[in-house]
$ cat structure02.csv   # CSV, C-alpha atoms and all ligand atoms
chain,number,residue,atom,x,y,z
A,1,MET,CA,-13.8,22.6,-14.8
A,2,ASP,CA,-10.5,20.7,-15.0
A,3,GLN,CA,-9.2,17.2,-14.6
A,4,PHE,CA,-9.5,17.5,-10.8
A,5,ALA,CA,-13.2,17.7,-10.9
A,6,ALA,CA,-13.5,14.1,-11.8
A,7,ALA,CA,-13.1,12.6,-8.3
A,8,SER,CA,-16.1,10.4,-8.5
A,9,ARG,CA,-14.7,8.5,-11.4
A,10,GLN,CA,-11.6,7.5,-9.5
A,11,PRO,CA,-11.1,3.9,-8.3
A,12,GLU,CA,-11.9,3.3,-4.7
A,13,GLY,CA,-9.1,4.5,-2.4
A,14,VAL,CA,-7.8,7.1,-4.8
A,15,VAL,CA,-8.9,10.6,-4.1
A,16,GLN,CA,-8.3,13.5,-6.4
A,17,PRO,CA,-7.5,16.9,-4.9
A,18,SER,CA,-10.3,19.4,-5.1
A,19,VAL,CA,-8.2,22.3,-6.3
A,20,ARG,CA,-6.0,22.8,-9.4
A,21,PRO,CA,-2.3,22.1,-9.0
A,22,ILE,CA,0.1,25.0,-8.8
A,23,ALA,CA,2.9,24.8,-11.3
A,24,VAL,CA,6.1,24.9,-9.3
A,25,PRO,CA,9.4,25.8,-11.0
A,26,ARG,CA,11.5,22.6,-11.1
A,27,GLN,CA,14.4,24.4,-9.5
A,28,GLY,CA,12.2,24.6,-6.5
A,29,LEU,CA,13.4,21.0,-5.7
A,30,GLY,CA,16.8,22.4,-5.1
A,31,PRO,CA,20.3,21.9,-6.4
A,32,GLY,CA,21.7,18.4,-6.4
A,33,GLN,CA,18.3,16.8,-6.8
A,34,PRO,CA,18.1,14.3,-9.7
A,35,SER,CA,15.5,14.9,-12.2
A,36,PRO,CA,12.3,13.4,-10.9
A,37,PRO,CA,11.9,9.9,-12.3
A,38,GLU,CA,8.2,10.4,-12.7
A,39,ALA,CA,5.8,13.3,-13.1
A,40,ARG,CA,3.9,14.6,-10.2
A,41,PRO,CA,0.9,12.3,-9.6
A,42,THR,CA,-2.6,13.6,-10.1
A,43,VAL,CA,-3.8,12.0,-6.9
A,44,VAL,CA,-2.7,12.6,-3.3
A,45,PRO,CA,-0.3,9.9,-2.1
A,46,LEU,CA,-1.7,8.3,1.1
A,47,ALA,CA,0.0,7.8,4.4
A,48,ASP,CA,-0.7,4.9,6.6
A,49,ARG,CA,-3.3,6.2,9.2
A,50,SER,CA,-4.3,2.8,10.5
A,51,ARG,CA,-2.2,2.8,13.6
A,52,PRO,CA,-2.7,6.1,15.5
A,53,ALA,CA,-1.7,4.6,18.9
A,54,LEU,CA,1.8,5.1,20.1
A,55,ALA,CA,3.9,2.0,19.7
A,56,ALA,CA,6.7,1.1,22.1
A,57,ASP,CA,9.4,2.6,20.0
A,58,ASP,CA,7.6,5.5,18.4
A,59,LEU,CA,8.9,8.2,20.8
A,60,ASP,CA,12.4,7.0,20.3
A,61,LEU,CA,12.0,7.0,16.5
A,62,MET,CA,10.5,10.5,16.5
A,63,ALA,CA,13.3,11.8,18.7
A,64,ALA,CA,15.8,10.3,16.4
A,65,GLN,CA,14.1,11.8,13.3
A,66,LEU,CA,14.0,15.3,14.9
A,67,GLY,CA,17.3,15.1,16.7
A,68,ARG,CA,15.6,16.1,20.0
A,69,PRO,CA,13.0,14.8,22.3
A,70,VAL,CA,9.4,15.1,21.1
A,71,ARG,CA,6.9,16.9,23.4
A,72,ALA,CA,3.3,16.2,24.3
A,73,VAL,CA,2.9,13.4,21.8
A,74,HIS,CA,-0.6,11.8,21.9
A,75,GLY,CA,-0.2,9.5,19.0
A,76,VAL,CA,1.0,9.0,15.5
A,77,ALA,CA,-1.4,10.5,12.9
A,78,ALA,CA,0.5,9.3,9.8
A,79,ARG,CA,3.1,6.6,9.2
A,80,CYS,CA,5.5,5.8,6.4
A,81,ALA,CA,4.9,2.6,4.5
A,82,CYS,CA,7.6,1.1,6.7
A,83,GLY,CA,5.7,1.9,9.9
A,84,ARG,CA,7.9,4.8,11.1
A,85,PRO,CA,6.1,8.0,12.2
A,86,ILE,CA,5.6,10.8,9.7
A,87,VAL,CA,3.3,13.0,11.7
A,88,ALA,CA,3.0,13.3,15.5
A,89,ARG,CA,-0.4,14.1,16.9
A,90,THR,CA,0.4,16.4,19.9
A,91,ARG,CA,-1.6,17.6,22.8
A,92,PRO,CA,-2.6,21.3,22.9
A,93,LEU,CA,-0.9,21.8,26.2
A,94,LEU,CA,2.7,21.1,27.1
A,95,ALA,CA,3.7,19.7,30.5
A,96,ASP,CA,4.7,23.2,31.6
A,97,SER,CA,1.1,24.4,30.7
A,98,SER,CA,2.2,26.4,27.7
A,99,PRO,CA,-0.2,26.1,24.7
A,100,PHE,CA,1.1,24.1,21.7
A,101,PRO,CA,-0.9,24.9,18.6
A,102,THR,CA,0.9,22.6,16.2
A,103,THR,CA,-1.3,19.6,16.7
A,104,TYR,CA,0.1,17.8,13.7
A,105,TYR,CA,3.8,17.9,13.8
A,106,LEU,CA,5.9,16.6,10.9
A,107,THR,CA,8.7,14.4,12.1
A,108,HIS,CA,10.0,12.6,9.0
A,109,PRO,CA,13.3,14.1,8.0
A,110,GLY,CA,12.9,13.3,4.3
A,111,ALA,CA,9.6,15.1,4.2
A,112,ILE,CA,10.8,18.1,6.3
A,113,LYS,CA,13.8,18.6,4.0
A,114,ALA,CA,11.8,18.2,0.8
A,115,ILE,CA,9.1,20.6,1.9
A,116,GLY,CA,11.8,23.1,2.9
A,117,ARG,CA,12.9,23.1,-0.7
A,118,LEU,CA,9.4,23.7,-1.9
A,119,GLU,CA,9.2,26.7,0.5
A,120,SER,CA,12.4,28.2,-0.7
A,121,GLY,CA,11.3,27.5,-4.3
A,122,GLY,CA,8.5,30.0,-3.9
A,123,LEU,CA,5.5,27.8,-3.6
A,124,MET,CA,4.1,29.7,-0.6
A,125,ALA,CA,4.0,33.0,-2.5
A,126,GLU,CA,2.0,31.3,-5.3
A,127,MET,CA,-0.4,29.8,-2.8
A,128,ASN,CA,-0.9,33.1,-1.0
A,129,GLN,CA,-1.7,34.7,-4.3
A,130,ARG,CA,-4.3,32.1,-5.1
A,131,LEU,CA,-5.7,32.3,-1.6
A,132,ARG,CA,-6.3,36.0,-2.1
A,133,THR,CA,-8.0,35.6,-5.5
A,134,ASP,CA,-9.8,32.3,-5.4
A,135,PRO,CA,-12.9,32.5,-3.1
A,136,GLU,CA,-13.5,28.7,-3.5
A,137,LEU,CA,-10.0,27.9,-2.3
A,138,ALA,CA,-10.3,30.5,0.5
A,139,ALA,CA,-13.6,28.8,1.6
A,140,ALA,CA,-11.9,25.4,1.5
A,141,MET,CA,-9.0,26.6,3.6
A,142,MET,CA,-11.5,28.0,6.1
A,143,ARG,CA,-13.0,24.6,6.4
A,144,ALA,CA,-9.5,23.1,6.8
A,145,HIS,CA,-8.8,25.6,9.6
A,146,LEU,CA,-12.0,24.5,11.4
A,147,ASP,CA,-11.2,20.9,10.8
A,148,TYR,CA,-7.8,21.4,12.4
A,149,LEU,CA,-9.4,23.1,15.5
A,150,ARG,CA,-12.0,20.4,15.8
A,151,ARG,CA,-9.4,17.6,15.7
A,152,ARG,CA,-7.3,19.4,18.3
A,153,GLN,CA,-10.3,19.9,20.6
A,154,GLU,CA,-10.6,16.1,20.8
A,155,LEU,CA,-7.4,16.3,22.8
A,156,GLY,CA,-8.5,19.1,25.2
A,157,GLN,CA,-9.7,22.6,25.3
A,158,VAL,CA,-7.1,25.4,25.5
A,159,PRO,CA,-8.8,28.8,25.2
A,160,ALA,CA,-5.6,30.6,24.4
A,161,ILE,CA,-5.3,28.8,21.0
A,162,SER,CA,-9.0,28.0,20.4
A,163,GLN,CA,-9.0,30.1,17.3
A,164,ILE,CA,-5.5,29.5,16.1
A,165,SER,CA,-4.8,26.5,13.9
A,166,ALA,CA,-1.4,26.2,12.2
A,167,GLY,CA,0.6,27.1,9.1
A,168,GLY,CA,-1.1,30.5,8.7
A,169,MET,CA,-4.6,29.1,8.2
A,170,PRO,CA,-7.1,30.2,7.3
A,171,ARG,CA,-6.1,33.3,5.4
A,172,ARG,CA,-2.4,33.0,4.9
A,173,VAL,CA,0.1,30.3,4.0
A,174,LYS,CA,3.1,30.6,6.3
A,175,CYS,CA,4.3,27.0,6.7
A,176,LEU,CA,4.0,24.2,4.2
A,177,HIS,CA,5.1,21.6,6.8
A,178,ALA,CA,2.1,22.4,8.9
A,179,LEU,CA,-0.3,22.1,5.9
A,180,ALA,CA,1.3,18.9,4.7
A,181,ALA,CA,1.2,17.4,8.2
A,182,HIS,CA,-2.6,18.2,8.4
A,183,ALA,CA,-3.2,16.7,5.0
A,184,LEU,CA,-1.2,13.5,5.9
A,185,ALA,CA,-3.1,13.2,9.2
A,186,ALA,CA,-6.6,14.0,7.9
A,187,GLY,CA,-6.4,12.3,4.5
A,188,PRO,CA,-7.2,13.9,1.1
A,189,ASP,CA,-9.7,16.6,0.5
A,190,VAL,CA,-9.5,18.1,3.9
A,191,ASN,CA,-6.7,20.5,3.4
A,192,PRO,CA,-6.4,21.3,-0.3
A,193,LEU,CA,-3.2,23.2,-0.1
A,194,GLY,CA,-1.7,20.5,2.0
A,195,ASP,CA,-2.8,18.0,-0.6
A,196,LEU,CA,-1.0,20.1,-3.2
A,197,VAL,CA,2.2,20.1,-1.2
A,198,LEU,CA,2.0,16.3,-1.1
A,199,ILE,CA,1.6,16.2,-4.9
A,200,GLU,CA,4.4,18.6,-5.5
A,201,LEU,CA,6.5,16.5,-3.1
A,202,ALA,CA,5.8,13.1,-4.6
A,203,PRO,CA,8.6,13.0,-7.2
A,204,VAL,CA,11.1,13.2,-4.3
A,205,TRP,CA,9.2,12.0,-1.2
A,206,ARG,CA,5.9,10.3,-0.7
A,207,PRO,CA,4.4,8.6,2.3
A,208,ASP,CA,3.4,5.4,0.6
A,209,ARG,CA,7.0,4.5,-0.5
A,210,CYS,CA,9.6,4.2,2.2
A,211,SER,CA,12.7,6.3,1.7
A,212,CYS,CA,13.7,6.2,5.3
A,213,SER,CA,17.3,5.7,6.3
A,214,PRO,CA,18.1,3.2,7.5
A,215,GLY,CA,15.6,1.3,5.5
A,216,PRO,CA,12.8,-1.0,6.7
A,217,ALA,CA,15.0,-4.0,7.2
A,218,GLN,CA,17.0,-2.4,10.0
A,219,LEU,CA,13.7,-1.4,11.7
A,220,ALA,CA,12.6,-5.0,12.2
A,221,GLN,CA,14.3,-5.4,15.6
A,222,PRO,CA,12.4,-7.2,18.3
A,223,ALA,CA,10.3,-4.7,20.1
A,224,SER,CA,10.9,-6.5,23.4
A,225,ALA,CA,14.5,-5.3,23.3
A,226,LYS,CA,13.3,-1.8,24.0
A,227,GLU,CA,11.7,-0.5,27.1
A,228,THR,CA,8.1,0.4,26.6
A,229,LYS,CA,7.6,4.1,27.1
A,230,THR,CA,4.5,5.4,28.7
A,231,LYS,CA,5.4,8.8,29.9
A,232,GLU,CA,5.9,12.1,28.1
A,233,ASN,CA,9.1,13.5,26.9
A,234,ASP,CA,8.1,16.9,28.3
A,235,GLY,CA,10.0,18.4,31.2
A,301,ZN,ZN,10.0,4.4,5.9
$ encode --input "structure02.csv" --output "structure tokens"
Amino acid sequence: MDQFAAASRQPEGVVQPSVRPIAVPRQGLGPGQPSPPEARPTVVPLADRSRPALAADDLDLMAAQLGRPVRAVHGVAARCACGRPIVARTRPLLADSSPFPTTYYLTHPGAIKAIGRLESGGLMAEMNQRLRTDPELAAAMMRAHLDYLRRRQELGQVPAISQISAGGMPRRVKCLHALAAHALAAGPDVNPLGDLVLIELAPVWRPDRCSCSPGPAQLAQPASAKETKTKENDG
């Protein structure tokens, strides 16, 4: 047993990850990064999941975050503390009828960039190694895979991808963005490797502290100034 076995003793609203953390070389955070001002947390930082419906300016915000139009967005599965989208919940079928397996799509540029650094720092290789040798973790990731499929099926049945989740699940780790997006959307203890990504990420990016640019103040424009969008960006 280790410190992460003590979930039941945590205060309400604080959830410990169910698997041990993976030590990541600090250079994994990339050159030019200041030393993290704090250690990695021992709990998973929580995103705001209270407003899944698309707000009037969400599609514009996500397009600006990604630098291109977003496709097949059903809602916003996770938001920054400032309200901006972090994870888009997308429909499993695009407007041109092609299957779209990435149901939870990370849109936040700060998160995308920081996770890219984790990937280039070798975290995926360590996770794959653990997945091969830790049956408990493998079983948990199988459950995460099934959870992903179940949540997608709520948005429609697409036989071509009915057994395909995202990020390499259940047996491989191929994309930390996909795992983190699932963890942000589903909350802690659903995708343990996604939870670990969020913990590793926390010294440089976390969903419960806004690091958006521009900051929250500039976001507080009257929504009435913008046209309400109701149709898809597909096409
Ligand atoms: Zn923010």
$ closest_atom_pairs --input "structure02.csv" --of "range 33-89 of chain A" --to "range 181-196 of chain A" --cutoff "8 Å" --atoms "all atoms listed in the file" --output "Markdown table"
| residue | atom | partner | partner_atom | distance |
| --- | --- | --- | --- | --- |
| A:Val44 | CA | A:Asp195 | CA | 6.0 |
| A:Leu46 | CA | A:Gly187 | CA | 7.0 |
| A:Ala47 | CA | A:Leu184 | CA | 6.0 |
| A:Arg49 | CA | A:Ala185 | CA | 7.0 |
| A:Ala77 | CA | A:Ala185 | CA | 4.9 |
| A:Ala78 | CA | A:Ala185 | CA | 5.3 |
| A:Val87 | CA | A:Ala181 | CA | 6.0 |
$ residues_near_ligand --input "structure02.csv" --ligand "ligand ZN 301 (chain A)" --cutoff "6 Å" --atoms "only C-alpha atoms and all ligand atoms" --output "ChimeraX atom specification"
/A:80-82,84,210-212
$ write_last_selection --input "structure02.csv" --atoms "C-alpha atoms" --output "PDB file, in the frame of the given file"
ATOM      1  CA  CYS A  80       5.500   5.800   6.400  1.00  0.00           C
ATOM      2  CA  ALA A  81       4.900   2.600   4.500  1.00  0.00           C
ATOM      3  CA  CYS A  82       7.600   1.100   6.700  1.00  0.00           C
ATOM      4  CA  ARG A  84       7.900   4.800  11.100  1.00  0.00           C
ATOM      5  CA  CYS A 210       9.600   4.200   2.200  1.00  0.00           C
ATOM      6  CA  SER A 211      12.700   6.300   1.700  1.00  0.00           C
ATOM      7  CA  CYS A 212      13.700   6.200   5.300  1.00  0.00           C
TER       8      CYS A 212
END
$ atom_distance --input "structure02.csv" --atom1 "CA of Gln163 in chain A" --atom2 "CA of Ser98 in chain A"
15.7 Å
$ residues_around --input "structure02.csv" --residues "Gly116 in chain A" --least-positions-apart "2" --cutoff "10 Å" --atoms "only C-alpha atoms" --output "ChimeraX atom specification"
/A:28-30,110-114,118-121,175-177
$ write_last_selection --input "structure02.csv" --atoms "C-alpha atoms" --output "tab-separated table (two decimals), keeping the file's coordinate frame"
chain	number	residue	atom	x	y	z
A	28	GLY	CA	12.20	24.60	-6.50
A	29	LEU	CA	13.40	21.00	-5.70
A	30	GLY	CA	16.80	22.40	-5.10
A	110	GLY	CA	12.90	13.30	4.30
A	111	ALA	CA	9.60	15.10	4.20
A	112	ILE	CA	10.80	18.10	6.30
A	113	LYS	CA	13.80	18.60	4.00
A	114	ALA	CA	11.80	18.20	0.80
A	118	LEU	CA	9.40	23.70	-1.90
A	119	GLU	CA	9.20	26.70	0.50
A	120	SER	CA	12.40	28.20	-0.70
A	121	GLY	CA	11.30	27.50	-4.30
A	175	CYS	CA	4.30	27.00	6.70
A	176	LEU	CA	4.00	24.20	4.20
A	177	HIS	CA	5.10	21.60	6.80
$ atom_distance --input "structure02.csv" --atom1 "CA of Ala144 in chain A" --atom2 "CA of Thr102 in chain A"
14.0 Å
$ closest_residue --input "structure02.csv" --among "A:Ala139, A:Leu59, A:Ile164, A:Val197" --to "Ala180 in chain A" --atoms "only C-alpha atoms"
A:Val197
$ atom_distance --input "structure02.csv" --atom1 "CA of Pro85 in chain A" --atom2 "CA of Gln153 in chain A"
21.9 Å
$ residues_around --input "structure02.csv" --residues "range 154-162 of chain A" --least-positions-apart "2" --cutoff "9 Å" --atoms "all atoms listed in the file" --output "VMD selection string"
chain A and resid 74 90 to 93 99 to 101 149 to 152 164 to 165
$ closest_residue --input "structure02.csv" --among "A:Met141, A:Leu66, A:Val173, A:Val73" --to "Leu123 in chain A" --atoms "all atoms listed in the file"
A:Val173
$ closest_residue --input "structure02.csv" --among "A:Arg143, A:Ala178, A:Gly168, A:Leu131" --to "Leu198 in chain A" --atoms "all atoms listed in the file"
A:Ala178
$ closest_residue --input "structure02.csv" --among "A:Ala55, A:Asp60, A:Leu201, A:Lys174" --to "Ala125 in chain A" --atoms "all atoms listed in the file"
A:Lys174
$ build_atoms --input "structure02.csv" --residues "range 140-161 of chain A" --atoms "N, CA and C atoms" --output "PDB file, in the frame of the given file"
ATOM      1  N   ALA A 140     -12.423  26.696   1.145  1.00  0.00           N
ATOM      2  CA  ALA A 140     -11.900  25.400   1.500  1.00  0.00           C
ATOM      3  C   ALA A 140     -10.878  25.425   2.583  1.00  0.00           C
ATOM      4  N   MET A 141     -10.056  26.468   2.555  1.00  0.00           N
ATOM      5  CA  MET A 141      -9.000  26.600   3.600  1.00  0.00           C
ATOM      6  C   MET A 141      -9.654  27.006   4.932  1.00  0.00           C
ATOM      7  N   MET A 142     -10.759  27.737   4.872  1.00  0.00           N
ATOM      8  CA  MET A 142     -11.500  28.000   6.100  1.00  0.00           C
ATOM      9  C   MET A 142     -12.021  26.728   6.712  1.00  0.00           C
ATOM     10  N   ARG A 143     -12.547  25.848   5.863  1.00  0.00           N
ATOM     11  CA  ARG A 143     -13.000  24.600   6.400  1.00  0.00           C
ATOM     12  C   ARG A 143     -11.859  23.729   6.926  1.00  0.00           C
ATOM     13  N   ALA A 144     -10.693  23.810   6.265  1.00  0.00           N
ATOM     14  CA  ALA A 144      -9.500  23.100   6.800  1.00  0.00           C
ATOM     15  C   ALA A 144      -9.115  23.600   8.134  1.00  0.00           C
ATOM     16  N   HIS A 145      -9.142  24.914   8.282  1.00  0.00           N
ATOM     17  CA  HIS A 145      -8.800  25.600   9.600  1.00  0.00           C
ATOM     18  C   HIS A 145      -9.753  25.037  10.668  1.00  0.00           C
ATOM     19  N   LEU A 146     -11.042  24.996  10.376  1.00  0.00           N
ATOM     20  CA  LEU A 146     -12.000  24.500  11.400  1.00  0.00           C
ATOM     21  C   LEU A 146     -11.835  23.048  11.670  1.00  0.00           C
ATOM     22  N   ASP A 147     -11.486  22.287  10.638  1.00  0.00           N
ATOM     23  CA  ASP A 147     -11.200  20.900  10.800  1.00  0.00           C
ATOM     24  C   ASP A 147     -10.033  20.675  11.798  1.00  0.00           C
ATOM     25  N   TYR A 148      -9.004  21.501  11.591  1.00  0.00           N
ATOM     26  CA  TYR A 148      -7.800  21.400  12.400  1.00  0.00           C
ATOM     27  C   TYR A 148      -8.189  21.688  13.903  1.00  0.00           C
ATOM     28  N   LEU A 149      -8.982  22.749  14.107  1.00  0.00           N
ATOM     29  CA  LEU A 149      -9.400  23.100  15.500  1.00  0.00           C
ATOM     30  C   LEU A 149     -10.245  21.997  16.088  1.00  0.00           C
ATOM     31  N   ARG A 150     -11.135  21.420  15.272  1.00  0.00           N
ATOM     32  CA  ARG A 150     -12.000  20.400  15.800  1.00  0.00           C
ATOM     33  C   ARG A 150     -11.187  19.147  16.221  1.00  0.00           C
ATOM     34  N   ARG A 151     -10.224  18.764  15.390  1.00  0.00           N
ATOM     35  CA  ARG A 151      -9.400  17.600  15.700  1.00  0.00           C
ATOM     36  C   ARG A 151      -8.561  17.875  16.983  1.00  0.00           C
ATOM     37  N   ARG A 152      -8.106  19.118  17.144  1.00  0.00           N
ATOM     38  CA  ARG A 152      -7.300  19.400  18.300  1.00  0.00           C
ATOM     39  C   ARG A 152      -8.212  19.375  19.591  1.00  0.00           C
ATOM     40  N   GLN A 153      -9.449  19.858  19.452  1.00  0.00           N
ATOM     41  CA  GLN A 153     -10.300  19.900  20.600  1.00  0.00           C
ATOM     42  C   GLN A 153     -10.637  18.491  21.149  1.00  0.00           C
ATOM     43  N   GLU A 154     -10.462  17.496  20.298  1.00  0.00           N
ATOM     44  CA  GLU A 154     -10.600  16.100  20.800  1.00  0.00           C
ATOM     45  C   GLU A 154      -9.597  15.787  21.859  1.00  0.00           C
ATOM     46  N   LEU A 155      -8.505  16.555  21.867  1.00  0.00           N
ATOM     47  CA  LEU A 155      -7.400  16.300  22.800  1.00  0.00           C
ATOM     48  C   LEU A 155      -7.451  17.227  24.007  1.00  0.00           C
ATOM     49  N   GLY A 156      -8.403  18.140  24.031  1.00  0.00           N
ATOM     50  CA  GLY A 156      -8.500  19.100  25.200  1.00  0.00           C
ATOM     51  C   GLY A 156      -8.797  20.477  24.707  1.00  0.00           C
ATOM     52  N   GLN A 157      -9.381  21.250  25.595  1.00  0.00           N
ATOM     53  CA  GLN A 157      -9.700  22.600  25.300  1.00  0.00           C
ATOM     54  C   GLN A 157      -8.648  23.556  25.868  1.00  0.00           C
ATOM     55  N   VAL A 158      -8.079  24.384  25.012  1.00  0.00           N
ATOM     56  CA  VAL A 158      -7.100  25.400  25.500  1.00  0.00           C
ATOM     57  C   VAL A 158      -7.524  26.731  24.901  1.00  0.00           C
ATOM     58  N   PRO A 159      -8.198  27.541  25.715  1.00  0.00           N
ATOM     59  CA  PRO A 159      -8.800  28.800  25.200  1.00  0.00           C
ATOM     60  C   PRO A 159      -7.783  29.700  24.506  1.00  0.00           C
ATOM     61  N   ALA A 160      -6.536  29.726  24.963  1.00  0.00           N
ATOM     62  CA  ALA A 160      -5.600  30.600  24.400  1.00  0.00           C
ATOM     63  C   ALA A 160      -5.329  30.383  22.889  1.00  0.00           C
ATOM     64  N   ILE A 161      -5.560  29.160  22.439  1.00  0.00           N
ATOM     65  CA  ILE A 161      -5.300  28.800  21.000  1.00  0.00           C
ATOM     66  C   ILE A 161      -6.586  28.298  20.354  1.00  0.00           C
TER      67      ILE A 161
END
